$ cat my_file_4.cif   # mmCIF, C-alpha atoms
data_upload
loop_
_atom_site.label_atom_id
_atom_site.label_comp_id
_atom_site.auth_asym_id
_atom_site.auth_seq_id
_atom_site.Cartn_x
_atom_site.Cartn_y
_atom_site.Cartn_z
CA MET A 23 -12.85 -8.29 18.67
CA MET A 24 -13.26 -9.26 15.06
CA SER A 25 -13.32 -12.95 14.31
CA GLU A 26 -11.94 -14.82 11.38
CA LEU A 27 -12.67 -14.10 7.74
CA TYR A 28 -14.53 -16.56 5.56
CA GLN A 29 -12.01 -18.31 3.37
CA TRP A 30 -11.19 -17.14 -0.14
CA ASP A 31 -13.75 -18.71 -2.46
CA ARG A 32 -11.39 -20.53 -4.79
CA THR A 33 -14.28 -21.72 -6.98
CA LEU A 34 -14.67 -18.20 -8.28
CA GLN A 35 -11.27 -16.59 -7.66
CA PRO A 36 -8.79 -17.02 -10.51
CA PRO A 37 -6.06 -19.61 -9.96
CA ALA A 38 -2.45 -18.40 -10.25
CA PHE A 39 -1.56 -20.52 -13.27
CA THR A 40 -3.73 -19.65 -16.30
CA PRO A 41 -1.77 -20.50 -19.47
CA ASP A 42 -4.11 -18.58 -21.83
CA TYR A 43 -2.97 -15.45 -20.00
CA LYS A 44 0.63 -16.10 -20.93
CA THR A 45 2.34 -13.83 -18.42
CA SER A 46 0.91 -15.91 -15.58
CA VAL A 47 2.93 -18.97 -16.60
CA LEU A 48 6.26 -17.75 -15.22
CA ARG A 49 4.63 -15.64 -12.51
CA SER A 50 2.61 -18.26 -10.67
CA PRO A 51 3.79 -20.33 -7.71
CA ARG A 52 4.06 -24.05 -8.38
CA ALA A 53 3.68 -25.32 -4.82
CA PRO A 54 0.19 -25.20 -3.34
CA LEU A 55 -0.59 -22.27 -1.04
CA LEU A 56 -0.25 -23.19 2.64
CA SER A 57 -3.66 -22.92 4.28
CA LEU A 58 -3.45 -20.89 7.46
CA GLU A 59 -6.06 -19.93 10.01
CA ASN A 60 -6.35 -16.20 10.62
CA THR A 61 -4.34 -14.55 13.37
CA LEU A 62 -4.19 -10.92 14.42
CA SER A 63 -1.78 -10.37 11.53
CA GLU A 64 -4.58 -11.04 9.03
CA VAL A 65 -7.65 -9.51 10.70
CA THR A 66 -5.95 -6.16 11.28
CA GLY A 67 -4.92 -3.74 8.55
CA PRO A 68 -4.06 -0.12 7.88
CA VAL A 69 -6.53 2.62 8.74
CA PHE A 70 -6.62 5.69 6.50
CA ARG A 71 -7.93 9.14 7.37
CA HIS A 72 -9.81 11.73 5.34
CA ASN A 73 -7.00 14.25 5.68
CA GLU A 74 -4.71 11.94 3.69
CA ILE A 75 -6.91 12.29 0.62
CA GLY A 76 -6.98 15.47 -1.48
CA GLU A 77 -10.18 17.29 -2.43
CA LEU A 78 -9.92 16.46 -6.14
CA ASP A 79 -8.57 12.94 -5.69
CA ASN A 80 -11.93 11.42 -6.71
CA ASP A 81 -12.45 13.68 -9.74
CA LEU A 82 -10.36 12.41 -12.64
CA ILE A 83 -11.91 15.00 -14.93
CA ARG A 84 -10.28 17.76 -12.90
CA ASN A 85 -7.41 16.26 -10.94
CA TYR A 86 -4.90 16.52 -13.80
CA ALA A 87 -6.55 19.22 -15.94
CA HIS A 88 -3.94 21.73 -17.11
CA THR A 89 -5.14 23.44 -20.30
CA GLY A 90 -8.75 22.20 -20.31
CA GLU A 91 -10.74 19.07 -19.57
CA PRO A 92 -9.81 15.59 -20.80
CA ILE A 93 -11.31 14.20 -24.02
CA GLY A 94 -13.91 11.44 -23.74
CA GLU A 95 -17.29 10.37 -22.39
CA ARG A 96 -17.90 11.90 -18.98
CA ILE A 97 -18.99 9.25 -16.48
CA ILE A 98 -19.65 8.80 -12.78
CA VAL A 99 -18.78 5.46 -11.20
CA HIS A 100 -20.44 4.74 -7.89
CA GLY A 101 -21.33 1.83 -5.65
CA ARG A 102 -20.79 0.23 -2.29
CA VAL A 103 -18.02 -1.80 -0.69
CA ILE A 104 -19.73 -4.52 1.34
CA ASP A 105 -18.75 -7.93 2.66
CA GLU A 106 -20.17 -11.41 2.07
CA ASN A 107 -22.59 -10.85 4.95
CA GLY A 108 -23.92 -7.75 3.19
CA ARG A 109 -22.41 -5.45 5.81
CA ALA A 110 -20.97 -2.11 4.77
CA VAL A 111 -17.19 -1.73 4.74
CA PRO A 112 -16.91 1.86 5.98
CA ARG A 113 -14.02 4.31 5.60
CA THR A 114 -11.91 1.97 3.52
CA LEU A 115 -9.40 3.24 0.98
CA ILE A 116 -10.42 2.68 -2.64
CA GLU A 117 -7.92 3.51 -5.39
CA PHE A 118 -8.64 3.41 -9.12
CA TRP A 119 -6.63 3.82 -12.30
CA GLN A 120 -7.29 3.56 -15.99
CA ALA A 121 -6.30 4.38 -19.57
CA ASN A 122 -7.56 7.54 -21.26
CA ALA A 123 -10.37 7.66 -23.85
CA GLY A 124 -7.98 6.44 -26.54
CA GLY A 125 -6.78 3.47 -24.51
CA ARG A 126 -3.39 4.98 -23.54
CA TYR A 127 -2.00 4.98 -20.01
CA ARG A 128 0.02 7.83 -18.55
CA HIS A 129 2.93 5.55 -17.72
CA LYS A 130 6.52 5.64 -18.86
CA LYS A 131 6.33 1.99 -19.90
CA ASP A 132 3.21 2.35 -22.11
CA THR A 133 4.19 2.80 -25.77
CA TYR A 134 0.80 2.31 -27.46
CA LEU A 135 0.40 4.69 -30.42
CA ALA A 136 -2.76 6.37 -29.10
CA PRO A 137 -1.85 9.80 -27.70
CA VAL A 138 -1.48 10.72 -24.04
CA ASP A 139 -4.17 13.22 -23.04
CA PRO A 140 -2.42 16.27 -21.55
CA ASN A 141 -5.36 16.83 -19.21
CA PHE A 142 -5.83 13.30 -17.95
CA GLY A 143 -3.75 11.59 -15.26
CA GLY A 144 -5.89 8.46 -14.97
CA CYS A 145 -5.85 7.81 -11.24
CA GLY A 146 -7.88 8.69 -8.21
CA ARG A 147 -8.87 7.53 -4.75
CA CYS A 148 -11.42 8.01 -2.01
CA LEU A 149 -12.59 6.58 1.30
CA SER A 150 -15.95 4.82 1.42
CA ASP A 151 -18.47 6.56 3.71
CA ASP A 152 -20.07 5.09 6.84
CA ASN A 153 -22.37 2.97 4.64
CA GLY A 154 -19.57 1.70 2.42
CA TYR A 155 -20.65 4.02 -0.39
CA TYR A 156 -18.14 5.60 -2.78
CA PHE A 157 -18.23 7.58 -6.02
CA PHE A 158 -15.88 9.25 -8.44
CA ARG A 159 -16.03 11.07 -11.76
CA THR A 160 -13.88 10.25 -14.78
CA ILE A 161 -13.95 9.72 -18.53
CA LYS A 162 -14.73 6.33 -20.01
CA PRO A 163 -11.47 4.50 -20.80
CA GLY A 164 -10.85 3.08 -24.27
CA PRO A 165 -9.92 -0.51 -25.15
CA TYR A 166 -6.34 -1.19 -26.19
CA PRO A 167 -4.25 -3.95 -27.73
CA TRP A 168 -1.72 -6.00 -25.80
CA ARG A 169 0.72 -8.72 -26.64
CA ASN A 170 -0.83 -11.94 -25.44
CA TYR A 171 -2.00 -13.42 -28.69
CA VAL A 172 -0.95 -11.15 -31.56
CA ASN A 173 -4.43 -9.66 -31.75
CA SER A 174 -5.51 -9.54 -28.09
CA TRP A 175 -7.43 -6.47 -26.89
CA ARG A 176 -8.37 -5.44 -23.41
CA PRO A 177 -12.01 -4.45 -22.97
CA ALA A 178 -12.49 -0.97 -21.55
CA HIS A 179 -11.84 -1.28 -17.82
CA ILE A 180 -11.02 0.54 -14.62
CA HIS A 181 -8.63 -1.03 -12.08
CA PHE A 182 -9.74 -1.00 -8.44
CA SER A 183 -7.68 -1.52 -5.29
CA VAL A 184 -9.56 -1.99 -2.00
CA PHE A 185 -8.30 -2.60 1.55
CA GLY A 186 -11.18 -3.68 3.77
CA SER A 187 -10.57 -3.93 7.50
CA GLY A 188 -8.10 -6.83 7.67
CA PHE A 189 -4.97 -7.12 5.53
CA ALA A 190 -6.17 -10.54 4.29
CA GLN A 191 -9.15 -8.84 2.61
CA ARG A 192 -6.82 -6.87 0.35
CA LEU A 193 -8.14 -6.98 -3.21
CA ILE A 194 -7.31 -5.71 -6.65
CA THR A 195 -9.83 -6.16 -9.42
CA GLN A 196 -11.07 -4.61 -12.66
CA MET A 197 -14.46 -3.15 -13.56
CA TYR A 198 -15.83 -3.65 -17.07
CA PHE A 199 -18.66 -1.86 -18.89
CA GLU A 200 -22.03 -3.32 -19.80
CA GLY A 201 -22.33 -4.22 -23.47
CA ASP A 202 -18.61 -4.40 -24.35
CA PRO A 203 -18.10 -7.26 -26.85
CA LEU A 204 -14.40 -7.53 -25.92
CA ILE A 205 -15.15 -8.82 -22.42
CA ARG A 206 -15.90 -12.40 -23.44
CA LEU A 207 -12.76 -12.52 -25.63
CA CYS A 208 -10.30 -11.33 -23.00
CA PRO A 209 -7.75 -13.87 -21.66
CA ILE A 210 -7.47 -11.88 -18.41
CA VAL A 211 -11.23 -11.93 -17.86
CA LYS A 212 -11.19 -15.64 -18.63
CA THR A 213 -8.77 -16.37 -15.78
CA ILE A 214 -11.95 -16.29 -13.63
CA PRO A 215 -13.36 -19.83 -13.56
CA ASP A 216 -16.98 -18.83 -12.83
CA CYS A 217 -19.25 -17.13 -15.41
CA ASP A 218 -21.38 -15.41 -12.78
CA ALA A 219 -18.27 -14.01 -11.11
CA VAL A 220 -17.33 -12.44 -14.45
CA GLU A 221 -20.81 -10.92 -14.77
CA ARG A 222 -20.37 -9.35 -11.34
CA LEU A 223 -17.34 -7.41 -12.65
CA ILE A 224 -19.50 -5.77 -15.34
CA ALA A 225 -20.96 -2.43 -14.29
CA PRO A 226 -24.43 -1.66 -15.63
CA LEU A 227 -25.38 1.75 -16.95
CA ASP A 228 -27.22 3.55 -14.15
CA LEU A 229 -29.27 6.26 -15.81
CA ASN A 230 -30.86 7.32 -12.53
CA ALA A 231 -27.47 8.26 -11.13
CA SER A 232 -26.43 10.23 -14.20
CA VAL A 233 -26.45 14.00 -14.39
CA PRO A 234 -28.87 15.01 -17.19
CA LEU A 235 -27.21 16.80 -20.12
CA ASP A 236 -23.84 16.31 -18.45
CA THR A 237 -22.54 12.88 -17.29
CA LEU A 238 -23.59 9.21 -17.56
CA ALA A 239 -23.23 6.87 -14.59
CA TYR A 240 -22.25 3.24 -13.97
CA ARG A 241 -22.82 1.25 -10.80
CA PHE A 242 -20.13 -1.05 -9.37
CA ASP A 243 -20.43 -2.83 -6.02
CA ILE A 244 -17.45 -4.65 -4.51
CA VAL A 245 -17.84 -7.60 -2.14
CA LEU A 246 -14.95 -8.39 0.21
CA ARG A 247 -14.53 -11.47 2.38
CA GLY A 248 -16.98 -11.48 5.28
CA SER A 249 -16.15 -12.31 8.87
CA ARG A 250 -17.57 -15.09 10.98
CA SER A 251 -19.88 -14.52 13.91
CA THR A 252 -18.55 -16.05 17.10
CA LEU A 253 -21.18 -18.75 17.66
CA PHE A 254 -18.91 -20.78 19.88
CA GLU A 255 -15.63 -19.76 21.40
CA ASN A 256 -13.25 -18.74 18.68
CA ARG A 257 -9.75 -18.78 20.07
CA LEU A 258 -8.24 -16.30 17.69
CA GLU A 259 -6.27 -14.50 20.35
CA GLY A 260 -5.88 -17.30 22.84
CA ASN A 261 -5.76 -17.16 26.64
CA MET B 4 -35.35 -27.12 -2.26
CA PRO B 5 -33.71 -26.32 1.08
CA GLN B 6 -33.76 -22.76 2.38
CA GLU B 7 -31.42 -20.39 0.60
CA LEU B 8 -28.38 -18.85 2.28
CA SER B 9 -28.18 -15.12 1.79
CA TYR B 10 -24.42 -14.66 1.63
CA LEU B 11 -23.12 -12.48 -1.16
CA LYS B 12 -20.38 -13.72 -3.48
CA GLN B 13 -16.85 -12.32 -3.26
CA THR B 14 -15.75 -10.00 -6.03
CA ALA B 15 -13.23 -11.86 -8.20
CA SER B 16 -9.64 -10.66 -8.26
CA GLN B 17 -7.99 -9.51 -11.48
CA THR B 18 -4.34 -8.80 -12.15
CA ALA B 19 -2.96 -5.40 -11.14
CA GLY B 20 -1.38 -5.25 -14.60
CA PRO B 21 1.82 -3.55 -15.75
CA TYR B 22 0.56 -0.06 -14.92
CA VAL B 23 -0.31 -0.63 -11.28
CA HIS B 24 1.98 2.30 -10.47
CA ILE B 25 -0.48 4.79 -11.97
CA GLY B 26 -3.02 3.93 -9.33
CA LEU B 27 -0.90 3.01 -6.33
CA ALA B 28 2.31 4.99 -6.85
CA PRO B 29 1.79 7.57 -9.63
CA ASN B 30 5.11 9.26 -8.88
CA ARG B 31 6.75 6.00 -10.02
CA ALA B 32 4.68 5.95 -13.23
CA GLY B 33 6.38 9.24 -14.04
CA PHE B 34 3.95 11.95 -12.96
CA ASP B 35 2.97 13.97 -9.96
CA ILE B 36 -0.74 14.18 -9.12
CA PHE B 37 -1.42 13.67 -5.39
CA LYS B 38 -0.21 15.91 -2.58
CA ASN B 39 0.20 12.90 -0.35
CA ASN B 40 1.82 9.75 -1.78
CA PHE B 41 1.84 6.46 0.10
CA GLY B 42 5.34 5.07 0.23
CA ASP B 43 7.97 2.75 1.60
CA VAL B 44 9.15 4.72 4.66
CA LEU B 45 7.07 3.63 7.65
CA THR B 46 8.95 5.54 10.31
CA THR B 47 8.97 9.12 11.50
CA PRO B 48 11.56 10.52 13.95
CA ASP B 49 9.08 9.76 16.76
CA THR B 50 8.52 6.10 15.93
CA LEU B 51 9.62 3.74 18.70
CA GLY B 52 11.82 0.76 17.92
CA GLU B 53 14.93 -0.42 16.15
CA ARG B 54 15.28 1.01 12.63
CA ILE B 55 15.71 -1.65 9.98
CA ILE B 56 15.58 -1.98 6.22
CA LEU B 57 13.73 -4.88 4.63
CA GLU B 58 14.51 -5.34 0.95
CA GLY B 59 14.68 -7.90 -1.80
CA LEU B 60 13.80 -8.97 -5.30
CA VAL B 61 10.63 -10.53 -6.62
CA ILE B 62 11.84 -13.32 -8.90
CA ASP B 63 9.96 -15.05 -11.74
CA GLY B 64 10.18 -18.61 -13.06
CA THR B 65 13.27 -17.86 -15.13
CA GLY B 66 15.14 -16.47 -12.13
CA SER B 67 14.79 -12.87 -13.34
CA PRO B 68 13.61 -9.95 -11.21
CA MET B 69 10.01 -8.84 -11.77
CA ARG B 70 10.72 -5.13 -12.07
CA ASP B 71 7.06 -4.17 -12.38
CA ALA B 72 5.86 -5.93 -9.21
CA LEU B 73 4.54 -4.06 -6.17
CA VAL B 74 4.86 -5.16 -2.56
CA GLU B 75 2.84 -4.01 0.45
CA LEU B 76 3.85 -4.59 4.04
CA TRP B 77 1.76 -4.76 7.24
CA GLN B 78 3.30 -5.19 10.67
CA ALA B 79 2.96 -4.65 14.39
CA ASN B 80 4.85 -1.93 16.26
CA ALA B 81 7.93 -2.44 18.41
CA ALA B 82 5.74 -3.63 21.29
CA GLY B 83 4.02 -6.25 19.13
CA LYS B 84 0.74 -4.35 18.77
CA TYR B 85 -1.12 -3.65 15.54
CA ASN B 86 -2.42 -0.13 15.04
CA HIS B 87 -5.97 -1.37 14.48
CA PRO B 88 -9.06 -1.75 16.73
CA ASN B 89 -9.25 -5.52 16.15
CA ASP B 90 -6.00 -5.93 18.10
CA THR B 91 -7.19 -6.20 21.71
CA GLN B 92 -3.83 -7.21 23.22
CA LYS B 93 -3.03 -5.11 26.26
CA LYS B 94 -0.08 -3.31 24.71
CA PRO B 95 0.48 0.32 23.70
CA VAL B 96 -0.29 1.61 20.21
CA ASP B 97 2.52 3.80 18.84
CA PRO B 98 0.76 6.88 17.45
CA SER B 99 3.80 7.50 15.22
CA PHE B 100 3.57 4.15 13.51
CA ARG B 101 0.77 2.95 11.23
CA GLY B 102 2.66 -0.21 10.30
CA TRP B 103 1.80 -0.20 6.61
CA GLY B 104 3.89 0.61 3.56
CA ARG B 105 3.93 0.16 -0.17
CA SER B 106 6.99 -0.35 -2.36
CA PRO B 107 6.97 -0.71 -6.14
CA CYS B 108 10.04 -2.60 -7.34
CA ASP B 109 12.70 -0.40 -8.88
CA PHE B 110 12.44 -0.39 -12.69
CA GLU B 111 16.25 -0.76 -12.99
CA THR B 112 17.40 -2.89 -10.08
CA GLY B 113 14.17 -4.74 -9.32
CA PHE B 114 14.48 -4.15 -5.57
CA TYR B 115 11.59 -3.35 -3.27
CA ARG B 116 12.67 -1.70 -0.05
CA PHE B 117 11.02 -0.70 3.23
CA GLU B 118 12.44 1.56 5.92
CA THR B 119 10.69 0.41 9.05
CA ILE B 120 11.25 -0.88 12.58
CA LYS B 121 11.60 -4.40 13.80
CA PRO B 122 8.18 -5.51 15.09
CA GLY B 123 7.62 -7.09 18.47
CA ALA B 124 6.09 -10.53 18.91
CA VAL B 125 2.31 -10.81 18.56
CA LEU B 126 0.03 -13.27 20.29
CA GLY B 127 -1.08 -16.00 17.92
CA ARG B 128 -3.88 -18.52 18.12
CA ASN B 129 -4.46 -20.63 21.19
CA GLY B 130 -2.23 -18.46 23.34
CA LYS B 131 0.97 -19.21 21.43
CA MET B 132 3.29 -16.31 20.69
CA MET B 133 4.26 -15.75 17.08
CA ALA B 134 7.84 -14.77 16.30
CA PRO B 135 8.33 -11.18 15.08
CA HIS B 136 7.28 -11.03 11.44
CA VAL B 137 5.82 -8.77 8.78
CA SER B 138 3.02 -9.69 6.38
CA LEU B 139 3.67 -9.08 2.69
CA TRP B 140 1.25 -8.88 -0.22
CA ILE B 141 2.59 -9.05 -3.77
CA VAL B 142 0.81 -8.00 -6.97
CA ALA B 143 2.07 -7.69 -10.54
CA ARG B 144 1.27 -8.20 -14.17
CA GLY B 145 0.68 -11.93 -14.57
CA VAL B 146 -0.40 -12.35 -10.95
CA ASN B 147 -4.15 -13.05 -10.98
CA ILE B 148 -4.69 -12.74 -7.25
CA GLY B 149 -2.40 -11.02 -4.74
CA LEU B 150 0.04 -13.39 -3.04
CA GLN B 151 0.36 -13.37 0.72
CA THR B 152 3.45 -14.36 2.66
CA ARG B 153 5.41 -13.47 5.81
CA ALA B 154 8.99 -12.41 6.42
CA TYR B 155 10.63 -13.53 9.68
CA PHE B 156 14.00 -12.38 11.02
CA ALA B 157 17.06 -14.65 11.01
CA ASP B 158 18.40 -13.27 14.31
CA GLU B 159 15.24 -14.42 16.16
CA GLU B 160 16.27 -18.05 16.15
CA ALA B 161 14.58 -19.10 19.39
CA ALA B 162 11.32 -17.30 18.59
CA ASN B 163 11.30 -18.66 15.05
CA ALA B 164 11.80 -22.19 16.35
CA ALA B 165 8.66 -21.79 18.49
CA ASP B 166 6.54 -20.01 15.87
CA PRO B 167 3.24 -21.82 15.26
CA VAL B 168 3.03 -20.72 11.61
CA LEU B 169 6.57 -21.71 10.65
CA TYR B 170 5.92 -24.98 12.46
CA LEU B 171 3.17 -25.81 9.92
CA ILE B 172 5.67 -25.87 7.08
CA GLU B 173 6.67 -29.46 6.65
CA GLN B 174 10.02 -29.13 4.86
CA ASP B 175 12.98 -27.36 6.54
CA LYS B 176 14.06 -26.08 3.18
CA ARG B 177 10.73 -24.40 2.50
CA ARG B 178 10.56 -22.94 6.03
CA LYS B 179 13.86 -21.17 5.36
CA THR B 180 12.28 -19.25 2.46
CA LEU B 181 10.41 -17.14 5.04
CA ILE B 182 13.46 -16.20 7.10
CA ALA B 183 15.31 -13.06 6.09
CA PRO B 184 19.10 -13.05 6.69
CA ARG B 185 20.53 -10.00 8.44
CA SER B 186 23.48 -7.83 7.50
CA VAL B 187 24.51 -4.33 8.50
CA ARG B 188 24.90 -1.45 6.04
CA ALA B 189 26.05 1.97 7.23
CA GLY B 190 25.15 0.98 10.77
CA VAL B 191 21.58 -0.04 9.90
CA PRO B 192 20.43 -3.66 9.99
CA VAL B 193 19.32 -4.81 6.55
CA TYR B 194 17.14 -7.90 6.14
CA ARG B 195 17.14 -9.44 2.68
CA PHE B 196 13.92 -11.15 1.67
CA ASP B 197 13.63 -12.36 -1.91
CA ILE B 198 10.20 -13.49 -3.04
CA VAL B 199 10.71 -16.41 -5.40
CA PHE B 200 7.79 -17.55 -7.54
CA GLN B 201 9.09 -20.88 -8.82
CA GLY B 202 11.95 -23.34 -8.58
CA GLU B 203 14.13 -24.73 -5.88
CA ASN B 204 13.74 -21.82 -3.48
CA GLU B 205 10.09 -21.06 -4.14
CA THR B 206 8.72 -18.89 -1.34
CA VAL B 207 5.95 -20.31 0.81
CA PHE B 208 2.75 -18.39 0.05
CA PHE B 209 -0.32 -18.60 2.25
CA ASP B 210 -4.01 -19.11 1.69
CA VAL B 211 -5.02 -17.14 4.73
#
$ encode --input "my_file_4.cif" --output "structure tokens"
Amino acid sequence: MMSELYQWDRTLQPPAFTPDYKTSVLRSPRAPLLSLENTLSEVTGPVFRHNEIGELDNDLIRNYAHTGEPIGERIIVHGRVIDENGRAVPRTLIEFWQANAGGRYRHKKDTYLAPVDPNFGGCGRCLSDDNGYYFFRTIKPGPYPWRNYVNSWRPAHIHFSVFGSGFAQRLITQMYFEGDPLIRLCPIVKTIPDCDAVERLIAPLDLNASVPLDTLAYRFDIVLRGSRSTLFENRLEGN
Amino acid sequence: MPQELSYLKQTASQTAGPYVHIGLAPNRAGFDIFKNNFGDVLTTPDTLGERIILEGLVIDGTGSPMRDALVELWQANAAGKYNHPNDTQKKPVDPSFRGWGRSPCDFETGFYRFETIKPGAVLGRNGKMMAPHVSLWIVARGVNIGLQTRAYFADEEAANAADPVLYLIEQDKRRKTLIAPRSVRAGVPVYRFDIVFQGENETVFFDV
């Protein structure tokens, strides 16, 4: 039996209402969230199997290549999914998506003037291994403008979606790249109230994991909510 | 200085953004890349239980549908058992039912929609049964951290009245935001569950 999850750390998670990120104003609840102790509905969640994932799903350089390879800096992104106790989160589904090297998404609603890359889809997925480790190959995404202030730009980033073991661990976040001057200017980054929590979304260059003469690498670890040890009886399931 | 605790810090959430479909439902973004897409039909012909549709709008502070939102659903099977090792209730797992689905809202109508089965009741804390319900998780552009709520079923009046989670909601009016009314369309029960972000009928969201 798994026991309860540690609560969301609201000192470092972004609040819903963040007026400098304008879209949040009309898309944030006004009433406080109702605090609820975990039940089975929260500490269980979907299990995914290897046979649901395609062979090229974690290779964004090849998974949409039609006439050649996509344009841009070749990179590997790798890291571990662990919890607050430092324990591996094994065999969890990790999905990622991003713009192409010019900062354009392959999406029917994206109208930015940078061109779509015919050989780049911009999405992938994998399961973490038994130690929580994951990796994928892609091209480095470009920054792009968006209509928040007239001259707002998103730093280069990759979106991540992670499941964990319980549905209440479900997380979407974004990974940024070491050294990008746009990070500290971004209203979406600044929804996070804790400077150190922002730093932890910035992936360092990891030269040791790169492939010489071929591909650079960045390291990005993801920490999900941990679960409590049952020190005294923990009547999650009753009886 | 006292001893230091060695816990790691949670990774901060960031919005899923307007292009969440590329990553989670690329066929909706307008292209075909994966052989296997995760979707909004949870049932196969072998799944046990009463077929239902759960659908609704995600509504912003102006009362307009959020057509770029995405909703995920997690639920127990018809016997009230989650398909997950942490569920140790002595009930059968249905091998034909994972209990999870994902539905991007329709770009035109704004509706999310799940084809699923009505879940059974699950044991809650302290030995109290919870009324049949599904857990929902909502992400979108402008949503900094995924919102968690539950949909209950209007035709489960007695079970809803005894539900320990609904009981925690102080105002009757707010409790009603979690109860989906039932109608029948082409012989299939349809539960309507709108997720309202602000205003008079603001949905109860959980910190759970």
$ resolve_selection --input "my_file_4.cif" --expression "the PyMOL selection byres ((chain B and resi 177-190) around 6)" --output "list in words"
Ala154, Tyr155, Phe156, Ala157, Ile172, Gln174, Asp175, Lys176, Val191, Pro192, Val193, Tyr194, Arg195, Phe196 and Thr206 of chain B
$ resolve_selection --input "my_file_4.cif" --expression "the PyMOL selection byres ((chain B and resi 140) around 6)" --output "PyMOL selection string"
chain B and resi 74-75+139+141+150-151
$ closest_residue --input "my_file_4.cif" --among "A:Leu207, A:Ile83, A:Cys145, A:Ile180" --to "chain B" --atoms "all atoms listed in the file"
A:Cys145
$ closest_atom_pairs --input "my_file_4.cif" --of "range 169-258 of chain A" --to "range 27-33 of chain B" --cutoff "12 Å" --atoms "only C-alpha atoms" --output "JSON lines"
{"residue": "A:His181", "atom": "CA", "partner": "B:Leu27", "partner_atom": "CA", "distance": 10.4}
{"residue": "A:Phe182", "atom": "CA", "partner": "B:Leu27", "partner_atom": "CA", "distance": 9.9}
{"residue": "A:Ser183", "atom": "CA", "partner": "B:Leu27", "partner_atom": "CA", "distance": 8.2}
{"residue": "A:Val184", "atom": "CA", "partner": "B:Leu27", "partner_atom": "CA", "distance": 10.9}
{"residue": "A:Ile194", "atom": "CA", "partner": "B:Leu27", "partner_atom": "CA", "distance": 10.8}
$ resolve_selection --input "my_file_4.cif" --expression "the PyMOL selection byres ((chain B and resi 67) around 12)" --output "JSON, numbers by chain"
{"A": [48, 49], "B": [60, 61, 62, 63, 64, 65, 66, 68, 69, 70, 71, 112, 113, 114, 197, 198, 199, 200, 201, 202]}
$ closest_residue --input "my_file_4.cif" --among "A:Asp81, A:Val211, A:Arg126, A:Leu204" --to "chain B" --atoms "only C-alpha atoms"
A:Val211
$ atom_distance --input "my_file_4.cif" --atom1 "CA of Leu73 in chain B" --atom2 "CA of Ala143 in chain B"
6.2 Å
$ atom_distance --input "my_file_4.cif" --atom1 "CA of Ile116 in chain A" --atom2 "CA of His129 in chain A"
20.3 Å
$ closest_residue --input "my_file_4.cif" --among "A:Asp228, A:Asp236, A:Asp31, A:Glu200" --to "Ala15 in chain B" --atoms "all atoms listed in the file"
A:Asp31
$ closest_residue --input "my_file_4.cif" --among "A:Ser174, A:Ser187, A:Thr45, A:Thr213" --to "Glu64 in chain A" --atoms "only C-alpha atoms"
A:Ser187
$ atom_distance --input "my_file_4.cif" --atom1 "CA of Leu27 in chain A" --atom2 "CA of Asn107 in chain A"
10.8 Å
$ closest_residue --input "my_file_4.cif" --among "B:Gly130, B:Pro167, B:Gly83, B:Pro98" --to "chain A" --atoms "all atoms listed in the file"
B:Gly130
$ residues_near_point --input "my_file_4.cif" --point "(-5.6, -10.4, -15.5)" --cutoff "12 Å" --atoms "all atoms listed in the file" --output "tab-separated table (two decimals) with C-alpha atoms, keeping the file's coordinate frame"
chain	number	residue	atom	x	y	z
A	35	GLN	CA	-11.27	-16.59	-7.66
A	36	PRO	CA	-8.79	-17.02	-10.51
A	37	PRO	CA	-6.06	-19.61	-9.96
A	38	ALA	CA	-2.45	-18.40	-10.25
A	39	PHE	CA	-1.56	-20.52	-13.27
A	40	THR	CA	-3.73	-19.65	-16.30
A	41	PRO	CA	-1.77	-20.50	-19.47
A	42	ASP	CA	-4.11	-18.58	-21.83
A	43	TYR	CA	-2.97	-15.45	-20.00
A	44	LYS	CA	0.63	-16.10	-20.93
A	45	THR	CA	2.34	-13.83	-18.42
A	46	SER	CA	0.91	-15.91	-15.58
A	49	ARG	CA	4.63	-15.64	-12.51
A	168	TRP	CA	-1.72	-6.00	-25.80
A	170	ASN	CA	-0.83	-11.94	-25.44
A	176	ARG	CA	-8.37	-5.44	-23.41
A	177	PRO	CA	-12.01	-4.45	-22.97
A	179	HIS	CA	-11.84	-1.28	-17.82
A	181	HIS	CA	-8.63	-1.03	-12.08
A	194	ILE	CA	-7.31	-5.71	-6.65
A	195	THR	CA	-9.83	-6.16	-9.42
A	196	GLN	CA	-11.07	-4.61	-12.66
A	197	MET	CA	-14.46	-3.15	-13.56
A	205	ILE	CA	-15.15	-8.82	-22.42
A	208	CYS	CA	-10.30	-11.33	-23.00
A	209	PRO	CA	-7.75	-13.87	-21.66
A	210	ILE	CA	-7.47	-11.88	-18.41
A	211	VAL	CA	-11.23	-11.93	-17.86
A	212	LYS	CA	-11.19	-15.64	-18.63
A	213	THR	CA	-8.77	-16.37	-15.78
A	214	ILE	CA	-11.95	-16.29	-13.63
A	220	VAL	CA	-17.33	-12.44	-14.45
B	15	ALA	CA	-13.23	-11.86	-8.20
B	16	SER	CA	-9.64	-10.66	-8.26
B	17	GLN	CA	-7.99	-9.51	-11.48
B	18	THR	CA	-4.34	-8.80	-12.15
B	19	ALA	CA	-2.96	-5.40	-11.14
B	20	GLY	CA	-1.38	-5.25	-14.60
B	21	PRO	CA	1.82	-3.55	-15.75
B	23	VAL	CA	-0.31	-0.63	-11.28
B	142	VAL	CA	0.81	-8.00	-6.97
B	143	ALA	CA	2.07	-7.69	-10.54
B	144	ARG	CA	1.27	-8.20	-14.17
B	145	GLY	CA	0.68	-11.93	-14.57
B	146	VAL	CA	-0.40	-12.35	-10.95
B	147	ASN	CA	-4.15	-13.05	-10.98
B	148	ILE	CA	-4.69	-12.74	-7.25
B	149	GLY	CA	-2.40	-11.02	-4.74
